[in-house]
Amino acid sequence: MNMVLVVLALAIFLGLSFFFLSLLKPSQDSDYLNLYAHALLRTMLKSETGYLDPDCRSLEDLLACAYYQPAHVCAANGRLKEMACEQALAANIAQLTQKYDIVKGSYRYLLAAESGAVFFQAGDVSLDKASSARIAADRTVSKISSDGRLLQATVRLYLARK
């Protein structure tokens, strides 16, 4: 009797195991890259720049500043020199992309920001026109500048194999 119950329990366990394993789908490279692109974009936008000026603290802030006040100077804090918002934005993008091996090593990238029209692009501009073999991650950024203006921009990160 006990042996029958053990065999029955084992059969039920094996049956449920095969059922749940059949539901799993192997992840594809494009799924991973899509997840990576979205996480990378979010991380880049929230990253600190090192400036103490409220218009220049994060990459999101620098995007808003570069759009509304391109000549605004981000105040130096000892470690960083004074730079206009556009220059600080370009320098920070270059610095951040060097941090991430997948972008630097085997992928081309384009980071573009637009609010009606494209106002900032960094990376491989040819990815903007390509429609296949690329992954696009986008995020809408809403930022109020220190002078009270609202920026609503779409920031897109395109990744494609080299």
# chains A, B, ... in the order shown; residues from 1 in each chain; ligands from 1
$ select_by_dssp --residues "segment 47-125 of chain A" --states "strand (DSSP E)" --output "JSON, numbers by chain"
{"A": [73, 74, 83, 84, 107, 108, 109, 110, 111, 112, 113, 114, 115, 117, 118, 119, 120, 121, 122, 123]}
$ write_last_selection --atoms "N, CA and C atoms" --output "compact mmCIF listing (two decimals), in the first residue's frame"
# COMPACT_ATOMS: atom_id res chain seq x y z
N VAL A 73 25.54 77.61 -17.91
CA VAL A 73 26.81 77.03 -17.46
C VAL A 73 26.58 76.25 -16.18
N CYS A 74 26.94 74.98 -16.21
CA CYS A 74 26.87 74.13 -15.02
C CYS A 74 28.05 74.51 -14.13
N MET A 83 30.99 74.02 -17.57
CA MET A 83 30.66 73.71 -18.97
C MET A 83 29.25 74.15 -19.26
N ALA A 84 29.01 74.50 -20.52
CA ALA A 84 27.64 74.77 -20.95
C ALA A 84 26.88 73.44 -20.95
N TYR A 107 28.10 46.40 -29.93
CA TYR A 107 26.88 47.04 -30.41
C TYR A 107 27.13 48.50 -30.78
N ARG A 108 26.39 48.95 -31.78
CA ARG A 108 26.34 50.37 -32.11
C ARG A 108 25.16 50.95 -31.34
N TYR A 109 25.22 52.22 -31.03
CA TYR A 109 24.13 52.83 -30.27
C TYR A 109 23.82 54.21 -30.82
N LEU A 110 22.61 54.66 -30.56
CA LEU A 110 22.21 56.03 -30.82
C LEU A 110 21.28 56.44 -29.69
N LEU A 111 21.62 57.52 -29.04
CA LEU A 111 20.76 58.10 -28.01
C LEU A 111 20.21 59.38 -28.61
N ALA A 112 18.89 59.45 -28.75
CA ALA A 112 18.26 60.62 -29.36
C ALA A 112 17.16 61.14 -28.44
N ALA A 113 17.07 62.46 -28.36
CA ALA A 113 16.02 63.11 -27.58
C ALA A 113 15.25 64.03 -28.51
N GLU A 114 13.93 63.97 -28.41
CA GLU A 114 13.11 64.83 -29.27
C GLU A 114 11.91 65.35 -28.50
N SER A 115 11.59 66.57 -28.80
CA SER A 115 10.40 67.20 -28.26
C SER A 115 9.79 67.94 -29.45
N ALA A 117 10.75 67.99 -32.48
CA ALA A 117 11.84 67.71 -33.41
C ALA A 117 13.04 67.20 -32.61
N VAL A 118 13.92 66.49 -33.25
CA VAL A 118 15.11 65.97 -32.57
C VAL A 118 15.99 67.13 -32.16
N PHE A 119 16.37 67.19 -30.89
CA PHE A 119 17.24 68.27 -30.45
C PHE A 119 18.58 67.76 -29.93
N PHE A 120 18.71 66.44 -29.78
CA PHE A 120 20.01 65.90 -29.35
C PHE A 120 20.18 64.49 -29.89
N GLN A 121 21.36 64.21 -30.43
CA GLN A 121 21.71 62.86 -30.87
C GLN A 121 23.16 62.60 -30.52
N ALA A 122 23.42 61.40 -30.03
CA ALA A 122 24.79 60.98 -29.74
C ALA A 122 24.93 59.53 -30.15
N GLY A 123 25.99 59.23 -30.85
CA GLY A 123 26.23 57.86 -31.29
C GLY A 123 26.16 57.74 -32.80
$ residues_around --residues "Tyr100 of chain A" --least-positions-apart "6" --cutoff "12 Å" --atoms "only C-alpha atoms" --output "ChimeraX atom specification"
/A:36-37,39-41,43-44,93-94,106-109
$ closest_residue --among "A:Asn92, A:Ala75, A:Asp55, A:His38" --to "Tyr158 of chain A" --atoms "only C-alpha atoms"
A:His38
$ atom_distance --atom1 "atom CA of Asp128 of chain A" --atom2 "atom CA of Pro70 of chain A"
23.1 Å
$ residues_around --residues "Gly105 of chain A" --least-positions-apart "4" --cutoff "12 Å" --atoms "only C-alpha atoms" --output "list in words"
Thr97, Gln98, Lys99, Tyr100, Asp101, Tyr109, Leu159, Ala160, Arg161 and Lys162 of chain A
$ residues_around --residues "Leu63 of chain A" --least-positions-apart "3" --cutoff "10 Å" --atoms "only C-alpha atoms" --output "list in words"
Leu45, Asp55, Cys56, Ser58, Leu59, Glu60, Ala66, Tyr67, Tyr68, Gln69, Pro70, Cys85, Glu86, Ala88, Leu89, Ala90, Ala113, Glu114, Phe119, Phe120, Val141, Lys143, Leu151, Ala153 and Val155 of chain A
